[in-house]
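Trainee: The structure file run_30.cif (mmCIF, C-alpha atoms) is provided below.
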data_my_file
loop_
_atom_site.label_atom_id
_atom_site.label_comp_id
_atom_site.auth_asym_id
_atom_site.auth_seq_id
_atom_site.Cartn_x
_atom_site.Cartn_y
_atom_site.Cartn_z
CA LYS A 1 -159.09 166.79 -50.46
CA ALA A 2 -162.33 166.18 -52.31
CA GLY A 3 -162.65 162.87 -54.09
CA VAL A 4 -163.97 162.02 -57.52
CA THR A 5 -167.54 163.24 -57.92
CA GLN A 6 -169.98 161.60 -60.27
CA THR A 7 -173.41 162.97 -61.03
CA PRO A 8 -176.14 161.96 -61.00
CA ARG A 9 -175.92 158.96 -58.66
CA TYR A 10 -179.01 157.29 -60.09
CA LEU A 11 -180.77 157.64 -63.40
CA ILE A 12 -183.72 155.92 -65.05
CA LYS A 13 -184.12 156.29 -68.79
CA THR A 14 -186.31 154.77 -71.48
CA ARG A 15 -185.02 152.74 -74.40
CA GLY A 16 -184.08 154.97 -77.32
CA GLN A 17 -183.31 158.00 -75.18
CA GLN A 18 -179.85 159.42 -74.65
CA VAL A 19 -178.06 160.15 -71.39
CA THR A 20 -175.11 162.25 -70.25
CA LEU A 21 -173.10 161.40 -67.15
CA SER A 22 -170.63 163.71 -65.46
CA CYS A 23 -167.35 163.16 -63.62
CA SER A 24 -165.37 165.76 -61.70
CA PRO A 25 -161.85 164.51 -60.97
CA ILE A 26 -159.67 165.18 -57.97
CA SER A 27 -158.16 168.64 -58.19
CA GLY A 28 -154.93 168.51 -60.16
CA HIS A 29 -155.71 165.20 -61.86
CA ARG A 30 -155.66 165.52 -65.63
CA SER A 31 -156.65 161.97 -66.57
CA VAL A 32 -160.19 160.65 -66.41
CA SER A 33 -161.13 157.08 -67.31
CA TRP A 34 -164.59 155.57 -67.62
CA TYR A 35 -165.63 151.98 -66.87
CA GLN A 36 -168.90 150.08 -67.14
CA GLN A 37 -169.77 147.51 -64.49
CA THR A 38 -172.40 144.88 -65.21
CA PRO A 39 -173.09 141.64 -63.31
CA GLY A 40 -172.12 139.46 -66.25
CA GLN A 41 -169.07 141.29 -67.57
CA GLY A 42 -167.47 142.87 -64.54
CA LEU A 43 -165.72 146.19 -65.07
CA GLN A 44 -164.97 147.05 -68.67
CA PHE A 45 -162.93 149.96 -69.95
CA LEU A 46 -164.79 152.56 -71.99
CA PHE A 47 -162.27 155.36 -72.65
CA GLU A 48 -159.59 157.55 -71.14
CA TYR A 49 -159.03 161.28 -71.52
CA PHE A 50 -156.03 163.40 -70.72
CA SER A 51 -155.91 167.15 -71.25
CA GLU A 52 -159.05 167.02 -73.40
CA THR A 53 -157.65 164.27 -75.67
CA GLN A 54 -158.97 160.74 -75.88
CA ARG A 55 -155.93 158.48 -75.66
CA ASN A 56 -157.54 155.06 -75.47
CA LYS A 57 -160.93 153.56 -76.23
CA GLY A 58 -162.47 150.23 -75.29
CA ASN A 59 -164.57 147.88 -77.39
CA PHE A 60 -167.90 149.64 -77.15
CA PRO A 61 -170.18 150.74 -79.97
CA GLY A 62 -170.13 154.28 -81.26
CA ARG A 63 -173.23 155.07 -79.21
CA PHE A 64 -170.84 155.53 -76.31
CA SER A 65 -168.86 158.76 -76.48
CA GLY A 66 -167.12 161.10 -74.13
CA ARG A 67 -165.28 164.33 -73.82
CA GLN A 68 -163.13 166.22 -71.39
CA PHE A 69 -163.16 169.92 -70.68
CA SER A 70 -160.29 172.28 -70.00
CA ASN A 71 -160.92 172.02 -66.24
CA SER A 72 -160.49 168.20 -66.56
CA ARG A 73 -164.14 167.48 -65.85
CA SER A 74 -165.43 164.76 -68.15
CA GLU A 75 -168.76 163.70 -69.53
CA MET A 76 -169.81 160.51 -71.21
CA ASN A 77 -172.84 160.21 -73.44
CA VAL A 78 -174.82 157.18 -74.47
CA SER A 79 -177.24 157.63 -77.34
CA THR A 80 -180.13 155.41 -78.38
CA LEU A 81 -180.18 153.58 -75.08
CA GLU A 82 -180.68 149.83 -75.00
CA LEU A 83 -181.78 147.64 -72.09
CA GLY A 84 -178.28 146.17 -71.98
CA ASP A 85 -176.81 149.57 -71.19
CA SER A 86 -178.19 149.27 -67.68
CA ALA A 87 -175.07 149.30 -65.51
CA LEU A 88 -173.00 151.12 -62.95
CA TYR A 89 -170.79 153.64 -64.75
CA LEU A 90 -167.61 154.48 -62.91
CA CYS A 91 -165.02 157.10 -63.56
CA ALA A 92 -161.50 157.21 -62.19
CA SER A 93 -159.10 160.12 -62.08
CA SER A 94 -155.34 160.15 -61.80
CA SER A 95 -152.39 162.42 -62.46
CA THR A 96 -151.05 160.60 -65.51
CA GLY A 97 -153.59 157.91 -66.41
CA THR A 98 -150.82 155.35 -66.73
CA GLY A 99 -151.84 151.77 -66.14
CA GLY A 100 -154.01 152.19 -63.08
CA ILE A 101 -151.30 153.88 -61.04
CA GLY A 102 -152.81 156.30 -58.59
CA TYR A 103 -156.37 155.81 -59.82
CA THR A 104 -159.16 157.04 -57.56
CA PHE A 105 -162.66 155.92 -58.46
CA GLY A 106 -165.89 157.79 -57.94
CA SER A 107 -168.99 156.15 -56.48
CA GLY A 108 -170.52 155.74 -59.90
CA THR A 109 -173.78 156.50 -61.66
CA ARG A 110 -176.34 153.71 -61.64
CA LEU A 111 -178.15 153.81 -64.98
CA THR A 112 -181.33 151.82 -65.43
CA VAL A 113 -182.85 151.58 -68.90
CA VAL A 114 -186.51 150.53 -69.02
CA ASP B 1 -161.39 136.87 -74.69
CA GLN B 2 -161.07 137.34 -70.95
CA GLN B 3 -157.49 138.33 -70.23
CA VAL B 4 -157.87 138.49 -66.45
CA LYS B 5 -159.76 135.70 -64.72
CA GLN B 6 -160.96 135.24 -61.20
CA ASN B 7 -162.29 131.72 -61.24
CA SER B 8 -163.89 131.77 -57.80
CA PRO B 9 -167.04 133.90 -57.78
CA SER B 10 -167.24 133.64 -54.01
CA LEU B 11 -165.21 132.69 -50.94
CA SER B 12 -166.29 132.28 -47.34
CA VAL B 13 -163.84 132.24 -44.40
CA GLN B 14 -163.97 132.49 -40.64
CA GLU B 15 -162.87 135.61 -38.84
CA GLY B 16 -159.20 135.42 -37.89
CA ARG B 17 -158.30 132.91 -40.60
CA ILE B 18 -156.49 133.57 -43.85
CA SER B 19 -158.35 134.59 -47.01
CA ILE B 20 -156.68 133.72 -50.30
CA LEU B 21 -158.07 135.23 -53.48
CA ASN B 22 -156.69 134.08 -56.80
CA CYS B 23 -156.31 135.65 -60.20
CA ASP B 24 -154.92 134.40 -63.52
CA TYR B 25 -153.97 136.40 -66.59
CA THR B 26 -153.19 135.50 -70.16
CA ASN B 27 -151.59 138.63 -71.61
CA SER B 28 -147.83 138.48 -71.08
CA MET B 29 -147.59 142.22 -71.80
CA PHE B 30 -149.17 143.04 -68.43
CA ASP B 31 -146.55 144.35 -66.05
CA TYR B 32 -148.56 145.95 -63.27
CA PHE B 33 -151.22 144.29 -61.16
CA LEU B 34 -153.67 145.71 -58.66
CA TRP B 35 -156.30 144.55 -56.22
CA TYR B 36 -159.40 146.59 -55.50
CA LYS B 37 -162.10 146.16 -52.89
CA LYS B 38 -165.65 147.15 -53.72
CA TYR B 39 -168.81 147.56 -51.71
CA PRO B 40 -172.21 147.75 -53.43
CA ALA B 41 -173.10 151.19 -54.81
CA GLU B 42 -169.54 152.43 -54.26
CA GLY B 43 -166.53 152.72 -56.49
CA PRO B 44 -163.59 150.31 -56.19
CA THR B 45 -161.06 151.20 -53.52
CA PHE B 46 -157.38 150.50 -54.19
CA LEU B 47 -155.86 147.91 -51.85
CA ILE B 48 -152.44 146.90 -53.03
CA SER B 49 -150.42 146.59 -56.21
CA ILE B 50 -147.36 144.80 -57.52
CA SER B 51 -145.00 145.42 -60.39
CA SER B 52 -143.84 142.52 -62.53
CA ILE B 53 -140.28 143.04 -61.31
CA LYS B 54 -141.35 141.82 -57.87
CA ASP B 55 -142.89 138.60 -56.69
CA LYS B 56 -144.30 139.83 -53.41
CA ASN B 57 -145.65 143.03 -51.93
CA GLU B 58 -146.95 143.47 -48.42
CA ASP B 59 -149.06 146.15 -46.78
CA GLY B 60 -150.29 145.41 -43.28
CA ARG B 61 -152.69 142.49 -43.39
CA PHE B 62 -152.59 142.36 -47.19
CA THR B 63 -149.95 140.56 -49.24
CA VAL B 64 -149.95 140.05 -52.99
CA PHE B 65 -147.90 137.31 -54.59
CA LEU B 66 -147.03 137.23 -58.29
CA ASN B 67 -145.92 134.13 -60.18
CA LYS B 68 -145.02 135.39 -63.65
CA SER B 69 -144.20 132.00 -65.10
CA ALA B 70 -147.65 130.73 -64.15
CA LYS B 71 -149.31 134.09 -64.96
CA HIS B 72 -150.94 133.91 -61.56
CA LEU B 73 -151.33 136.28 -58.65
CA SER B 74 -152.98 135.93 -55.28
CA LEU B 75 -154.08 138.22 -52.49
CA HIS B 76 -153.65 137.01 -48.93
CA ILE B 77 -155.55 138.67 -46.09
CA VAL B 78 -154.35 137.73 -42.62
CA PRO B 79 -156.15 137.79 -40.28
CA SER B 80 -159.50 138.17 -42.01
CA GLN B 81 -162.02 140.50 -40.40
CA PRO B 82 -165.78 140.86 -40.94
CA GLY B 83 -165.17 144.33 -42.39
CA ASP B 84 -163.19 142.69 -45.19
CA SER B 85 -166.43 141.28 -46.60
CA ALA B 86 -166.74 142.81 -50.07
CA VAL B 87 -166.13 142.04 -53.73
CA TYR B 88 -162.44 141.92 -54.62
CA PHE B 89 -161.31 142.72 -58.14
CA CYS B 90 -157.99 141.83 -59.67
CA ALA B 91 -156.80 144.21 -62.38
CA ALA B 92 -153.84 144.35 -64.74
CA SER B 93 -152.22 146.88 -67.03
CA LYS B 94 -149.21 147.55 -69.15
CA ALA B 95 -147.83 150.47 -67.16
CA SER B 96 -144.45 150.75 -68.87
CA GLY B 97 -144.07 152.28 -72.28
CA GLY B 98 -146.42 155.15 -71.57
CA SER B 99 -149.01 154.28 -74.17
CA ASN B 100 -151.52 152.15 -72.31
CA TYR B 101 -154.07 153.92 -70.23
CA LYS B 102 -156.49 151.26 -69.17
CA LEU B 103 -157.05 148.59 -66.58
CA THR B 104 -158.27 145.14 -67.45
CA PHE B 105 -160.36 143.71 -64.63
CA GLY B 106 -161.38 140.24 -63.58
CA LYS B 107 -165.04 139.64 -62.76
CA GLY B 108 -164.48 139.74 -59.05
CA THR B 109 -164.68 137.42 -56.04
CA LEU B 110 -167.21 138.00 -53.27
CA LEU B 111 -165.45 137.47 -49.95
CA THR B 112 -167.58 136.82 -46.88
CA VAL B 113 -165.86 136.77 -43.51
CA ASN B 114 -168.02 135.14 -40.87
CA PRO B 115 -167.73 136.25 -37.22
#
Let me see the file written as structure tokens.
Mentor:
Amino acid sequence: KAGVTQTPRYLIKTRGQQVTLSCSPISGHRSVSWYQQTPGQGLQFLFEYFSETQRNKGNFPGRFSGRQFSNSRSEMNVSTLELGDSALYLCASSSTGTGGIGYTFGSGTRLTVV
Amino acid sequence: DQQVKQNSPSLSVQEGRISILNCDYTNSMFDYFLWYKKYPAEGPTFLISISSIKDKNEDGRFTVFLNKSAKHLSLHIVPSQPGDSAVYFCAASKASGGSNYKLTFGKGTLLTVNP
């Protein structure tokens, strides 16, 4: 079956701009989680959605937001980009979203802010 | 406050020998632990997990040990192969209770297996 698809794979944006990243989960998975990976901080949890509802949110500023559609596809948006937002953004899908069980990660979107 | 720590940023071993990757946690609410393997420009790939009701779980060449009293887990790879060279992440969650939907990751250990 098809895996988790993240688009685009690479993105270069300028400080102050906004960006939208997309994640298509495995068919049948209703939970989508987002993580940010940076060299200094490792992987950090952004938020999790299940059936279009955000159930958990990490410690990120309000510039980071997300949503999930009825077909379980999810988008995350970062507004007013800062240099420190440069990172690999990963999404993971699962059936229930519970505690990492059954998570499958996508290949990520590499965002570079210049 | 880093709740999951991997204190060794890197580890180098010879092919055929054992690789031991370590992970410590501070949050006693964690009850489910996972190890992921990650190559550059790819997402993490699940390797093996362990519930807090167990102290050992084995899958082929990979074994995870959990010491709850020490809040410590380790991943053993035997025998190590060059294809095992990657970054390994330890992760933890509170899987029971149905209200926690996130993983807390360590910062990773780069394993290099030399031929």
Trainee: Pick the closest to Leu66 (chain B) from B:Lys54, B:Asn7, B:Ile48, B:Leu110: which is it, counting all atoms listed in the file?
Mentor: B:Lys54
Trainee: Between A:Lys13, A:His29, A:Arg67, A:Lys57, which has the minimum distance to chain B (counting all atoms listed in the file)?
Mentor: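 Among A:Lys13, A:His29, A:Arg67, A:Lys57, it is A:Lys57 that comes nearest to chain B.
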Trainee: Mind running chain A against chain B at 6 Å and telling me each contacting residue's nearest atom pair with the distance in Å (one decimal), counting only C-alpha atoms, chain and number ascending, as a tab-separated table?
Mentor:
residue	atom	partner	partner_atom	distance
A:Gly42	CA	B:Lys107	CA	4.4
A:Leu43	CA	B:Phe105	CA	5.9
A:Gly97	CA	B:Tyr101	CA	5.5
A:Thr98	CA	B:Tyr101	CA	5.0
A:Gly99	CA	B:Ala95	CA	4.3
A:Gly100	CA	B:Leu103	CA	5.9
A:Phe105	CA	B:Gly43	CA	5.4
A:Gly106	CA	B:Gly43	CA	5.3
A:Ser107	CA	B:Gly43	CA	4.2
Trainee: Could you list, as a PyMOL selection string, every residue within 10 Å of Asn59 (chain A), counting only C-alpha atoms and ignoring same-chain residues fewer than 6 positions away?
Mentor: chain A and resi 44-47
Trainee: Could you list, as a list of chain:residue names, every residue within 9 Å of Tyr10 (chain A), counting only C-alpha atoms and ignoring same-chain residues fewer than 2 positions away?
Mentor: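 Non-adjacent residues within range: A:Thr7, A:Pro8, A:Ile12, A:Gly108, A:Thr109, A:Arg110, A:Leu111, A:Thr112.
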Trainee: Please, could you write that set of residues out with C-alpha atoms as a PDB file, in the coordinates of the input?
Mentor:
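Written file, result_1.pdb:
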ATOM      1  CA  THR A   7    -173.410 162.970 -61.030  1.00  0.00           C
ATOM      2  CA  PRO A   8    -176.140 161.960 -61.000  1.00  0.00           C
ATOM      3  CA  ILE A  12    -183.720 155.920 -65.050  1.00  0.00           C
ATOM      4  CA  GLY A 108    -170.520 155.740 -59.900  1.00  0.00           C
ATOM      5  CA  THR A 109    -173.780 156.500 -61.660  1.00  0.00           C
ATOM      6  CA  ARG A 110    -176.340 153.710 -61.640  1.00  0.00           C
ATOM      7  CA  LEU A 111    -178.150 153.810 -64.980  1.00  0.00           C
ATOM      8  CA  THR A 112    -181.330 151.820 -65.430  1.00  0.00           C
TER       9      THR A 112
END
Trainee: For CA of Val64 (chain B) and CA of Cys23 (chain B), quote the distance in Å rounded to one decimal.
Mentor: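 That distance, rounded to one decimal, is 10.6 Å.
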Trainee: CA of Gly60 (chain B) and CA of His72 (chain B) are how many Å apart?
Mentor: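 Going from CA of Gly60 (chain B) over to CA of His72 (chain B), I get 21.6 Å.
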Trainee: Report as a PyMOL selection string the full result of the PyMOL selection byres ((chain A and resi 34) around 8) when it is applied to this structure.
Mentor: chain A and resi 32-33+35-36+45-48+89-92
Trainee: Output the residue selection produced by the PyMOL selection byres ((chain A and resi 16-28) around 8) on the file above, formatted as number ranges by chain.
Mentor: A: 1-8, 13-15, 29-30, 32, 72-82, 91-95, 106, 109
Trainee: What does the PyMOL selection byres ((chain A and resi 70) around 7) select in this file, as a PyMOL selection string?
Mentor: chain A and resi 51-52+68-69+71-72
Trainee: Would you work out the distance separating CA of Ser12 (chain B) from CA of Thr112 (chain B), expressed in Å to one decimal?
Mentor: 4.7 Å
Trainee: Restricting the calculation to only C-alpha atoms, which member of A:Arg9, A:Tyr49, A:Thr104, A:Gly40 is positioned closest to Ser65 (chain A)?
Mentor: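 Among the listed residues, A:Tyr49 lies closest to Ser65 (chain A).
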Trainee: Rank B:Cys90, B:Val4, B:Val113, B:Leu73 by their smallest atom-to-atom distance to Leu47 (chain B), using all atoms listed in the file, and report the top residue only.
Mentor: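 Looking at the shortest contact to Leu47 (chain B), the residue is B:Cys90.
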Trainee: Can you give me N, CA, C and O atoms for region 60-71 of chain B, written as a PDB file, in the coordinates of the input?
Mentor:
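Wrote it out as selection_10.pdb, contents follow:
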ATOM      1  N   GLY B  60    -149.469 145.757 -44.432  1.00  0.00           N
ATOM      2  CA  GLY B  60    -150.290 145.410 -43.280  1.00  0.00           C
ATOM      3  C   GLY B  60    -150.802 143.988 -43.373  1.00  0.00           C
ATOM      4  O   GLY B  60    -150.028 143.046 -43.518  1.00  0.00           O
ATOM      5  N   ARG B  61    -152.107 143.839 -43.342  1.00  0.00           N
ATOM      6  CA  ARG B  61    -152.690 142.490 -43.390  1.00  0.00           C
ATOM      7  C   ARG B  61    -152.764 141.920 -44.812  1.00  0.00           C
ATOM      8  O   ARG B  61    -153.147 140.764 -44.998  1.00  0.00           O
ATOM      9  N   PHE B  62    -152.438 142.742 -45.791  1.00  0.00           N
ATOM     10  CA  PHE B  62    -152.590 142.360 -47.190  1.00  0.00           C
ATOM     11  C   PHE B  62    -151.231 142.074 -47.837  1.00  0.00           C
ATOM     12  O   PHE B  62    -150.306 142.872 -47.725  1.00  0.00           O
ATOM     13  N   THR B  63    -151.155 140.923 -48.501  1.00  0.00           N
ATOM     14  CA  THR B  63    -149.950 140.560 -49.240  1.00  0.00           C
ATOM     15  C   THR B  63    -150.367 140.057 -50.617  1.00  0.00           C
ATOM     16  O   THR B  63    -151.301 139.248 -50.721  1.00  0.00           O
ATOM     17  N   VAL B  64    -149.693 140.543 -51.644  1.00  0.00           N
ATOM     18  CA  VAL B  64    -149.950 140.050 -52.990  1.00  0.00           C
ATOM     19  C   VAL B  64    -148.710 139.301 -53.466  1.00  0.00           C
ATOM     20  O   VAL B  64    -147.579 139.755 -53.274  1.00  0.00           O
ATOM     21  N   PHE B  65    -148.950 138.138 -54.042  1.00  0.00           N
ATOM     22  CA  PHE B  65    -147.900 137.310 -54.590  1.00  0.00           C
ATOM     23  C   PHE B  65    -148.087 137.222 -56.101  1.00  0.00           C
ATOM     24  O   PHE B  65    -149.206 137.058 -56.581  1.00  0.00           O
ATOM     25  N   LEU B  66    -146.974 137.317 -56.829  1.00  0.00           N
ATOM     26  CA  LEU B  66    -147.030 137.230 -58.290  1.00  0.00           C
ATOM     27  C   LEU B  66    -146.125 136.114 -58.769  1.00  0.00           C
ATOM     28  O   LEU B  66    -144.934 136.071 -58.443  1.00  0.00           O
ATOM     29  N   ASN B  67    -146.678 135.214 -59.552  1.00  0.00           N
ATOM     30  CA  ASN B  67    -145.920 134.130 -60.180  1.00  0.00           C
ATOM     31  C   ASN B  67    -145.999 134.359 -61.691  1.00  0.00           C
ATOM     32  O   ASN B  67    -146.978 133.978 -62.334  1.00  0.00           O
ATOM     33  N   LYS B  68    -144.970 135.003 -62.234  1.00  0.00           N
ATOM     34  CA  LYS B  68    -145.020 135.390 -63.650  1.00  0.00           C
ATOM     35  C   LYS B  68    -145.006 134.181 -64.579  1.00  0.00           C
ATOM     36  O   LYS B  68    -145.677 134.192 -65.614  1.00  0.00           O
ATOM     37  N   SER B  69    -144.279 133.164 -64.209  1.00  0.00           N
ATOM     38  CA  SER B  69    -144.200 132.000 -65.100  1.00  0.00           C
ATOM     39  C   SER B  69    -145.548 131.313 -65.214  1.00  0.00           C
ATOM     40  O   SER B  69    -145.913 130.784 -66.267  1.00  0.00           O
ATOM     41  N   ALA B  70    -146.318 131.338 -64.136  1.00  0.00           N
ATOM     42  CA  ALA B  70    -147.650 130.730 -64.150  1.00  0.00           C
ATOM     43  C   ALA B  70    -148.729 131.738 -64.539  1.00  0.00           C
ATOM     44  O   ALA B  70    -149.897 131.374 -64.667  1.00  0.00           O
ATOM     45  N   LYS B  71    -148.343 133.014 -64.686  1.00  0.00           N
ATOM     46  CA  LYS B  71    -149.310 134.090 -64.960  1.00  0.00           C
ATOM     47  C   LYS B  71    -150.423 134.048 -63.908  1.00  0.00           C
ATOM     48  O   LYS B  71    -151.621 134.002 -64.223  1.00  0.00           O
TER      49      LYS B  71
END
